[in-house]
Structure formats: C-alpha cells, structure tokens
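Shown next, in structure tokens, is the structure this report addresses.
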Amino acid sequence: MHVGSFVLAAQFPGQGQGEALHRAVRSAEVAEEAGLDSVWLAEHHFVPYGTCPSAVTLAALLLGRTSRLRVGTAVSVLPTVHPVALGEQAALLHIASGGRFSLGVGRGGPWVDLEVFGSGLEAYETGFPESLDLLVRWLREPSVGASGERFVFREVPVVPRPSESLSEEPGPEVVVACTSPASVRLAAERGLPMLLGMHVGDEEKAEMVSLWRTHARTAGRSPEEVRGAAHVSAGVCQIADRRTDAVETLVKAMPGWLRQGLEAHVTVDGRHRSMRDPVAYTELLCGLHPVGTPRLCADRLAATSERTGITRFALLTEGSGDLAATEENVRRLGAEVLPHLG
C-alpha cells in the first residue's frame with residue numbers, strides 16, 4: 001500500500017495566500033521526513049479553495065527539495081493548457097527528478113478559467129479526449145504531429161524525450177481524474193489509471209474500478225495491464241487520540257474554508273450551480289475517510305483497499321488549517337498509521 005498526502009494549499013478564513021502556500025510546501029517536506037510515499041498537488045485558478053495555480057510548477061519546487069518522494073499533480077487542468085506545453089513540462093520533470101514525477105490530469109469545470117486562458121467552453125465540454133490523446137502521444141513517441149479539431153501542426157521532434165531519463169521509468173505516468181462513467185471509459189480505453197475523488201465512498205469507488213476493468217478488457221488491454229492499474233483514491237485524514245477530537249478539528253475548520261472557497265467559483269457562461277452544505281459535506285468526509293485514532297485510520301485505509309482494490313492513497317492532511325497541526329498530523333500518519341499497514 002502506498003500512502004501520500006493530497007495538498008490543496010487551501011486558504012482558510014483569516015489567512016493570507018502566502019500562508020496557505022507556505023503550509024503546502026512545508027507539509028510536503030514533512031511528508032518525506034515522515035516516510036510517506038508521495039504528495040499530490042491540486043491546481044485551482046482565482047479561488048481561495050486552493051491557492052496553487054500551477055501544480056507542475058509547485059511539483060518542480062518540491063522535487064528539488066526532496067530526494068525520495070514521488071510528486072504528482074492532482075490535477076493539472078488540461079482544458080486550460082496546450083497539451084504539448086504540459087507534456088514538455090512533464091517530460092522535463094520526469095527526467096530531472098529521476099522518474100519521481102506523476103502527471104495527473106482532469107477536465108476541470110465550466111469555470112471562468114476557460115475565458116481567461118482563451119480555450120473556450122468547447123475545450124471543457126468536448127475537447128478533453130483530443131487533448132488527452134495528444135498529451136499521451138507526446139510522452140510516448142519520438143515525434144508528434146496533429147490534425148484534430150482543436151490542434152493542427154506539422155510533425156515535430158519531442159525534446160526532451162521522456163525515455164531519455166536515466167531511470168528505469170520510460171516516462172511519467174499519466175493518471176486521469178474520473179467522476180463519471182464517461183471519464184472512466186475514457187481512461188480505461190487508454191489503459192490510464194484513475195484518480196477518484198474524496199467525495200465518493202468505497203462502494204462507488206469499487207463500482208468505478210470494476211467499470212474501468214470492463215472497459216479496459218473490451219478495449220483489448222492485456223490482463224497484466226488490467227490487474228496492475230495503480231488507481232489513486234483521494235480522501236481526508238485527521239488523527240487524534242480520540243475520534244471525537246479528530247472530527248471536531250475538521251468540523252470547526254473545514255466548513256469556513258469550503259464555504260468561501262466553493263462560493264468563489266464563477267461559471268464561464270453564467271449557468272446555475274448548486275453548492276454542497278459545508279458542514280454536511282465535512283461530516284460526510286469524516287464518515288468516509290480515515291478520521292480518528294491511528295488504529296481506526298489504518299483499519300479504514302485497509303478496508304477501502306480491500307473493498308476497492310486500490311492501493312494508492314492521496315490524503316488531505318491540512319484540514320485543520322493550521323501549520324503546526326498539519327505537520328503533527330502528517331508525522332502521526334507516518335509514525336502511527338503506516339506501521340499498521342505493513
């Protein structure tokens with residue numbers, strides 16, 4: 001089992017953006033010290049929900065500050081960037097880090113980001129498969145050209161080629177954030193592992209993994225490829241000597257962050273959107289994920305892995321909103337939970 005942290009660089013009420021980013025960087029450094037396997041970095045634009053606008057940039061910093069930790073994006077929002085530009089950055093990080101970089105990509109939402117970056121609503125609604133295929137080709141082939149609906153260009157060499165890395169990894173893995181049957185099928189047909197969100201529980205994640213396997217087999221993926229797909233489960237982790245104390249920590253802090261963060265999202269076309277009740281959502285997350293004593297957290301992770309077949313976890317550990325508390329939470333995850341998992 002591989003346990004890592006999920007870093008949003010969340011800006012809690014009363015905090016500055018620099019404080020949120022400092023906590024994000026420091027928590028990642030502590031994750032390596034504590035023996036965690038990885039950190040996964042979120043990307044958001046124009047909202048305090050997450051103050052990191054470029055997950056690959058923050059990944060570069062953290063890869064330079066660590067020596068063992070795997071660093072991934074969760075996710076780089078593909079419709080707002082050119083897939084070749086993102087592919088070049090991913091290849092560079094893969095090579096420079098000795099194969100420690102993972103590229104997670106997602107469709108994002110119908111946000112004003114699409115207007116600001118000039119990609120338009122079509123990039124979100126219909127353009128994701130074309131962008132994903134071009135990105136994967138860039139990371140797997142020696143030269144690439146394009147003749148699609150959105151991208152048209154002559155064949156050019158891939159420089160630097162991910163396969164030139166002085167490591168055993170042929171290229172950075174690509175993980176796809178999946179929230180619907182359509183996105184599960186998209187990832188499965190390409191043999192790409194999924195990142196499954198923290199808003200869904202074990203049963204739904206198990207169903208999505210089963211659906212992925214069905215589509216992957218139908219697409220002709222080998223049995224070894226289907227069995228070996230390393231999906232990632234996102235969740236929340238808060239450790240305390242009593243479960244009630246862990247829950248109280250999150251219920252006190254997270255709703256304020258969720259309220260101001262989610263309310264700040266603006267749709268590009270003015271469409272109506274509903275927002276979760278912040279308190280109810282926090283309580284839901286406490287029920288779904290490892291929140292409580294170290295033993296309870298270990299049992300919760302083991303149960304999720306057994307039910308879903310997922311062996312990689314990205315756990316939000318900054319739910320208290322406090323730097324010292326986040327550092328302690330990460331250290332306890334490494335020292336008191338991981339030993340129970342073997």
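Labels used: A, B, ... for chains in the order of the structure tokens, numbers from 1 for residues in each chain, and numbers from 1 for ligands as shown.
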
Any idea what's packed within 8 Å of A:Val39, counting only C-alpha atoms, ignoring anything in its chain fewer than 6 positions away? Could you give it as a compact mmCIF listing (two decimals) with C-alpha atoms, in the first residue's frame?
# COMPACT_ATOMS: atom_id res chain seq x y z
CA GLY A 4 0.66 10.00 0.29
CA SER A 5 -0.72 13.43 1.07
CA PHE A 6 -3.11 15.49 -1.03
CA VAL A 7 -2.07 19.15 -0.93
CA ALA A 28 5.18 18.19 1.62
CA ALA A 31 5.69 14.08 4.26
CA LEU A 69 9.18 11.40 -2.50
CA ARG A 70 7.02 10.87 -5.59
CA VAL A 71 5.35 14.15 -6.55
CA GLY A 72 2.21 14.22 -8.67
CA ALA A 314 -3.77 10.76 -1.51

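If you count only C-alpha atoms and ignore residues fewer than 2 places along the chain from stretch 210-222 of chain A, what sits within 10 Å of it is Pro181, Ser183, Val184, Arg185, Leu186, Ala187, Ala188, Glu189, Arg190, Gly191, Leu192, Pro193, Met194, Glu204, Lys205, Ala206, Glu207, Met208, Glu224, Glu225, Val226, Arg227, Gly228, Ala229, Thr308 and Gly309 of chain A.
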
Please, could you write that set of residues out with C-alpha atoms as a PDB file, in the first residue's frame?
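What follows is the written file part.pdb:
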ATOM      1  CA  PRO A 181     -18.882   6.632 -16.338  1.00  0.00           C
ATOM      2  CA  SER A 183     -14.461   9.568 -17.903  1.00  0.00           C
ATOM      3  CA  VAL A 184     -13.921   6.057 -16.506  1.00  0.00           C
ATOM      4  CA  ARG A 185     -14.328   4.641 -20.001  1.00  0.00           C
ATOM      5  CA  LEU A 186     -12.002   7.287 -21.450  1.00  0.00           C
ATOM      6  CA  ALA A 187      -9.237   6.346 -19.017  1.00  0.00           C
ATOM      7  CA  ALA A 188      -9.809   2.603 -19.323  1.00  0.00           C
ATOM      8  CA  GLU A 189      -9.667   2.510 -23.106  1.00  0.00           C
ATOM      9  CA  ARG A 190      -6.260   4.170 -22.920  1.00  0.00           C
ATOM     10  CA  GLY A 191      -5.042   1.995 -20.059  1.00  0.00           C
ATOM     11  CA  LEU A 192      -4.579   5.002 -17.777  1.00  0.00           C
ATOM     12  CA  PRO A 193      -5.152   4.676 -14.019  1.00  0.00           C
ATOM     13  CA  MET A 194      -7.831   6.768 -12.317  1.00  0.00           C
ATOM     14  CA  GLU A 204     -18.922   3.837  -5.577  1.00  0.00           C
ATOM     15  CA  LYS A 205     -15.153   3.617  -5.985  1.00  0.00           C
ATOM     16  CA  ALA A 206     -15.376  -0.168  -6.209  1.00  0.00           C
ATOM     17  CA  GLU A 207     -18.020   0.187  -8.922  1.00  0.00           C
ATOM     18  CA  MET A 208     -15.814   2.611 -10.858  1.00  0.00           C
ATOM     19  CA  GLU A 224      -1.483  -7.837 -16.753  1.00  0.00           C
ATOM     20  CA  GLU A 225      -2.281  -4.224 -17.579  1.00  0.00           C
ATOM     21  CA  VAL A 226      -5.780  -4.517 -16.131  1.00  0.00           C
ATOM     22  CA  ARG A 227      -4.594  -6.167 -12.922  1.00  0.00           C
ATOM     23  CA  GLY A 228      -1.673  -3.788 -12.470  1.00  0.00           C
ATOM     24  CA  ALA A 229      -3.539  -0.486 -12.901  1.00  0.00           C
ATOM     25  CA  THR A 308     -11.928  -1.385  -3.990  1.00  0.00           C
ATOM     26  CA  GLY A 309      -8.628  -2.993  -4.908  1.00  0.00           C
TER      27      GLY A 309
END

Closest pair table for stretch 167-265 of chain A residues within 10 Å of stretch 269-277 of chain A, only C-alpha atoms, as a tab-separated table:
residue	atom	partner	partner_atom	distance
A:Pro255	CA	A:Asp277	CA	8.3
A:Leu258	CA	A:Asp277	CA	8.8
A:Arg259	CA	A:Asp277	CA	8.1
A:Leu262	CA	A:Met275	CA	7.1
A:Glu263	CA	A:Met275	CA	7.6
A:His265	CA	A:Arg273	CA	9.6

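Atom CA of A:Ala246 to atom CA of A:Gly14 spans 21.8 Å [interatomic distance, one decimal].
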
Please list as a CSV table (one decimal) with N, CA, C and O atoms, in the first residue's frame every residue within 10 Å of A:Glu318, counting only C-alpha atoms and excluding residues in the same chain fewer than 5 positions away.
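Once written, result.csv looks like this:
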chain,number,residue,atom,x,y,z
A,5,SER,N,0.1,12.3,0.7
A,5,SER,CA,-0.7,13.4,1.1
A,5,SER,C,-1.3,14.1,-0.2
A,5,SER,O,-0.7,14.1,-1.2
A,6,PHE,N,-2.4,14.7,0.0
A,6,PHE,CA,-3.1,15.5,-1.0
A,6,PHE,C,-3.1,17.0,-0.6
A,6,PHE,O,-3.7,17.3,0.4
A,7,VAL,N,-2.3,17.8,-1.3
A,7,VAL,CA,-2.1,19.2,-0.9
A,7,VAL,C,-2.9,20.1,-1.8
A,7,VAL,O,-2.7,20.2,-3.0
A,8,LEU,N,-3.8,20.9,-1.2
A,8,LEU,CA,-4.6,21.8,-1.9
A,8,LEU,C,-4.1,23.3,-1.7
A,8,LEU,O,-4.5,24.2,-2.5
A,9,ALA,N,-3.2,23.5,-0.8
A,9,ALA,CA,-2.8,24.9,-0.5
A,9,ALA,C,-4.0,25.7,-0.2
A,9,ALA,O,-4.2,26.8,-0.7
A,10,ALA,N,-4.9,25.2,0.6
A,10,ALA,CA,-6.2,25.8,0.9
A,10,ALA,C,-6.0,27.1,1.8
A,10,ALA,O,-5.2,27.1,2.7
A,20,ALA,N,-1.0,30.1,3.1
A,20,ALA,CA,-1.5,28.8,2.6
A,20,ALA,C,-0.4,28.1,1.8
A,20,ALA,O,-0.3,26.9,1.9
A,23,ARG,N,2.3,26.6,4.1
A,23,ARG,CA,1.9,25.4,4.7
A,23,ARG,C,1.9,24.2,3.7
A,23,ARG,O,2.3,23.1,4.1
A,24,ALA,N,1.6,24.5,2.4
A,24,ALA,CA,1.6,23.4,1.4
A,24,ALA,C,3.0,22.9,1.2
A,24,ALA,O,3.2,21.7,1.2
A,27,SER,N,4.3,21.1,4.5
A,27,SER,CA,3.6,19.8,4.7
A,27,SER,C,4.2,18.7,3.8
A,27,SER,O,4.3,17.6,4.1
A,236,VAL,N,-9.6,12.2,3.1
A,236,VAL,CA,-9.2,13.1,4.2
A,236,VAL,C,-8.6,12.3,5.3
A,236,VAL,O,-9.1,11.2,5.6
A,237,CYS,N,-7.6,12.8,6.0
A,237,CYS,CA,-7.1,12.1,7.1
A,237,CYS,C,-6.8,13.1,8.3
A,237,CYS,O,-6.2,14.1,8.1
A,238,GLN,N,-7.4,12.8,9.4
A,238,GLN,CA,-7.1,13.6,10.6
A,238,GLN,C,-7.0,12.7,11.8
A,238,GLN,O,-7.9,11.9,12.0
A,250,LEU,N,-11.9,19.0,12.3
A,250,LEU,CA,-12.3,19.2,11.0
A,250,LEU,C,-13.6,20.0,10.9
A,250,LEU,O,-13.7,20.9,10.0
A,253,ALA,N,-13.0,23.7,11.4
A,253,ALA,CA,-12.1,24.5,10.4
A,253,ALA,C,-12.6,24.4,9.0
A,253,ALA,O,-12.6,25.4,8.3
A,254,MET,N,-13.0,23.2,8.6
A,254,MET,CA,-13.2,23.0,7.1
A,254,MET,C,-14.4,23.7,6.5
A,254,MET,O,-14.4,24.2,5.4
A,323,LEU,N,-0.7,25.3,10.5
A,323,LEU,CA,0.6,24.7,10.0
A,323,LEU,C,1.1,23.7,11.0
A,323,LEU,O,1.4,22.6,10.6
A,324,ALA,N,1.2,24.1,12.3
A,324,ALA,CA,1.7,23.2,13.3
A,324,ALA,C,0.9,21.9,13.4
A,324,ALA,O,1.4,20.8,13.5
A,325,ALA,N,-0.5,22.1,13.4
A,325,ALA,CA,-1.3,20.9,13.5
A,325,ALA,C,-1.2,20.0,12.2
A,325,ALA,O,-1.3,18.8,12.3
A,326,THR,N,-1.0,20.7,11.1
A,326,THR,CA,-0.9,19.9,9.8
A,326,THR,C,0.4,19.1,9.9
A,326,THR,O,0.5,17.9,9.5
A,327,GLU,N,1.5,19.7,10.3
A,327,GLU,CA,2.8,19.0,10.5
A,327,GLU,C,2.6,17.8,11.4
A,327,GLU,O,3.1,16.7,11.1
A,329,ASN,N,-0.1,16.2,12.1
A,329,ASN,CA,-0.9,15.2,11.5
A,329,ASN,C,-0.2,14.3,10.5
A,329,ASN,O,-0.3,13.1,10.5
A,330,VAL,N,0.7,15.0,9.7
A,330,VAL,CA,1.5,14.2,8.8
A,330,VAL,C,2.5,13.3,9.5
A,330,VAL,O,2.6,12.1,9.1

Neighbouring residues of A:Gln11 were defined as those with any atom within 10 Å, considering only C-alpha atoms; residues of the same chain fewer than 6 positions away were excluded. Please report them as a PyMOL selection string. chain A and resi 17-21+23+47-51+256-258+260-261+321

Mind dumping the selected residues with all heavy atoms as a short mmCIF file (atom, residue, chain, number, x, y, z; two decimals), in the first residue's frame?
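That gives us result-v6.cif:
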data_model
loop_
_atom_site.label_atom_id
_atom_site.label_comp_id
_atom_site.auth_asym_id
_atom_site.auth_seq_id
_atom_site.Cartn_x
_atom_site.Cartn_y
_atom_site.Cartn_z
N GLN A 17 -2.67 34.30 1.32
CA GLN A 17 -2.32 33.30 0.32
C GLN A 17 -0.90 32.77 0.52
O GLN A 17 -0.63 31.59 0.32
CB GLN A 17 -2.50 33.91 -1.07
CG GLN A 17 -3.95 34.23 -1.37
CD GLN A 17 -4.12 35.26 -2.47
OE1 GLN A 17 -3.16 35.67 -3.11
NE2 GLN A 17 -5.36 35.69 -2.67
N GLY A 18 0.00 33.66 0.95
CA GLY A 18 1.36 33.21 1.23
C GLY A 18 1.40 32.20 2.36
O GLY A 18 2.18 31.24 2.32
N GLU A 19 0.57 32.39 3.37
CA GLU A 19 0.49 31.45 4.48
C GLU A 19 0.01 30.08 4.00
O GLU A 19 0.54 29.04 4.41
CB GLU A 19 -0.46 31.99 5.55
CG GLU A 19 -0.56 31.15 6.80
CD GLU A 19 -1.47 31.76 7.86
OE1 GLU A 19 -1.90 32.91 7.68
OE2 GLU A 19 -1.74 31.07 8.86
N ALA A 20 -0.99 30.09 3.12
CA ALA A 20 -1.51 28.82 2.59
C ALA A 20 -0.45 28.08 1.78
O ALA A 20 -0.29 26.86 1.90
CB ALA A 20 -2.74 29.09 1.73
N LEU A 21 0.29 28.82 0.97
CA LEU A 21 1.32 28.18 0.14
C LEU A 21 2.50 27.71 0.99
O LEU A 21 3.10 26.66 0.70
CB LEU A 21 1.78 29.14 -0.94
CG LEU A 21 0.77 29.36 -2.07
CD1 LEU A 21 1.14 30.56 -2.92
CD2 LEU A 21 0.66 28.11 -2.94
N ARG A 23 2.30 26.63 4.05
CA ARG A 23 1.85 25.39 4.69
C ARG A 23 1.90 24.23 3.70
O ARG A 23 2.27 23.11 4.06
CB ARG A 23 0.42 25.56 5.23
CG ARG A 23 -0.05 24.36 6.07
CD ARG A 23 -1.47 24.54 6.58
NE ARG A 23 -2.44 24.63 5.50
CZ ARG A 23 -3.12 25.72 5.18
NH1 ARG A 23 -2.96 26.83 5.87
NH2 ARG A 23 -3.97 25.70 4.17
N VAL A 47 -9.48 31.28 -7.00
CA VAL A 47 -10.34 30.97 -5.85
C VAL A 47 -9.48 30.61 -4.64
O VAL A 47 -8.40 30.02 -4.79
CB VAL A 47 -11.31 29.80 -6.16
CG1 VAL A 47 -12.34 30.21 -7.21
CG2 VAL A 47 -10.55 28.56 -6.60
N PRO A 48 -9.96 30.92 -3.42
CA PRO A 48 -9.22 30.54 -2.22
C PRO A 48 -9.36 29.07 -1.84
O PRO A 48 -8.71 28.63 -0.90
CB PRO A 48 -9.83 31.45 -1.15
CG PRO A 48 -11.22 31.71 -1.61
CD PRO A 48 -11.13 31.77 -3.11
N TYR A 49 -10.22 28.34 -2.55
CA TYR A 49 -10.33 26.90 -2.29
C TYR A 49 -8.96 26.25 -2.37
O TYR A 49 -8.61 25.36 -1.58
CB TYR A 49 -11.28 26.26 -3.31
CG TYR A 49 -11.53 24.79 -3.08
CD1 TYR A 49 -12.43 24.35 -2.12
CD2 TYR A 49 -10.86 23.83 -3.83
CE1 TYR A 49 -12.66 23.00 -1.90
CE2 TYR A 49 -11.07 22.47 -3.62
CZ TYR A 49 -11.97 22.06 -2.65
OH TYR A 49 -12.18 20.71 -2.43
N GLY A 50 -8.16 26.68 -3.36
CA GLY A 50 -6.78 26.26 -3.48
C GLY A 50 -5.98 27.37 -4.12
O GLY A 50 -6.40 27.93 -5.13
N THR A 51 -4.84 27.71 -3.53
CA THR A 51 -4.09 28.88 -3.99
C THR A 51 -2.94 28.54 -4.93
O THR A 51 -2.15 29.41 -5.27
CB THR A 51 -3.54 29.67 -2.79
OG1 THR A 51 -2.71 28.80 -2.00
CG2 THR A 51 -4.67 30.21 -1.93
N GLY A 256 -15.71 26.63 7.03
CA GLY A 256 -15.40 28.00 6.66
C GLY A 256 -14.59 28.08 5.38
O GLY A 256 -14.84 28.93 4.51
N TRP A 257 -13.60 27.20 5.26
CA TRP A 257 -12.80 27.14 4.04
C TRP A 257 -13.65 26.71 2.85
O TRP A 257 -13.59 27.32 1.77
CB TRP A 257 -11.64 26.16 4.25
CG TRP A 257 -11.09 25.60 2.97
CD1 TRP A 257 -10.55 26.31 1.93
CD2 TRP A 257 -11.04 24.22 2.59
NE1 TRP A 257 -10.15 25.44 0.93
CE2 TRP A 257 -10.45 24.17 1.31
CE3 TRP A 257 -11.42 23.03 3.21
CZ2 TRP A 257 -10.24 22.96 0.63
CZ3 TRP A 257 -11.20 21.84 2.55
CH2 TRP A 257 -10.63 21.81 1.27
N LEU A 258 -14.47 25.68 3.04
CA LEU A 258 -15.30 25.20 1.94
C LEU A 258 -16.29 26.27 1.49
O LEU A 258 -16.49 26.47 0.28
CB LEU A 258 -16.07 23.95 2.38
CG LEU A 258 -15.24 22.67 2.57
CD1 LEU A 258 -16.06 21.60 3.28
CD2 LEU A 258 -14.74 22.16 1.22
N GLN A 260 -16.16 29.67 1.69
CA GLN A 260 -15.59 30.77 0.93
C GLN A 260 -14.90 30.28 -0.35
O GLN A 260 -14.90 30.97 -1.36
CB GLN A 260 -14.59 31.56 1.79
CG GLN A 260 -13.25 30.91 2.01
CD GLN A 260 -12.24 31.85 2.65
OE1 GLN A 260 -12.60 32.94 3.12
NE2 GLN A 260 -10.98 31.46 2.67
N GLY A 261 -14.40 29.06 -0.31
CA GLY A 261 -13.71 28.54 -1.49
C GLY A 261 -14.65 28.15 -2.60
O GLY A 261 -14.43 28.49 -3.77
N GLY A 321 -6.31 23.58 8.94
CA GLY A 321 -5.98 24.92 8.52
C GLY A 321 -4.78 25.52 9.24
O GLY A 321 -4.40 26.66 8.95
#

As an MDAnalysis selection string, please: every residue in stretch 94-280 of chain A that DSSP puts in alpha helix (DSSP H). chainID A and resid 94:96 113:116 121:125 128:140 181:189 202:218 223:228 243:263 278:280

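The spacing separating atom CA of A:Ala234 from atom CA of A:Leu195 amounts to 7.1 Å.
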
ask   = Just asking: which residues within stretch 60-165 of chain A are strand (DSSP E) according to DSSP, as an MDAnalysis selection string?
value = chainID A and resid 70:73 76:77 101:106 143:147 152:157
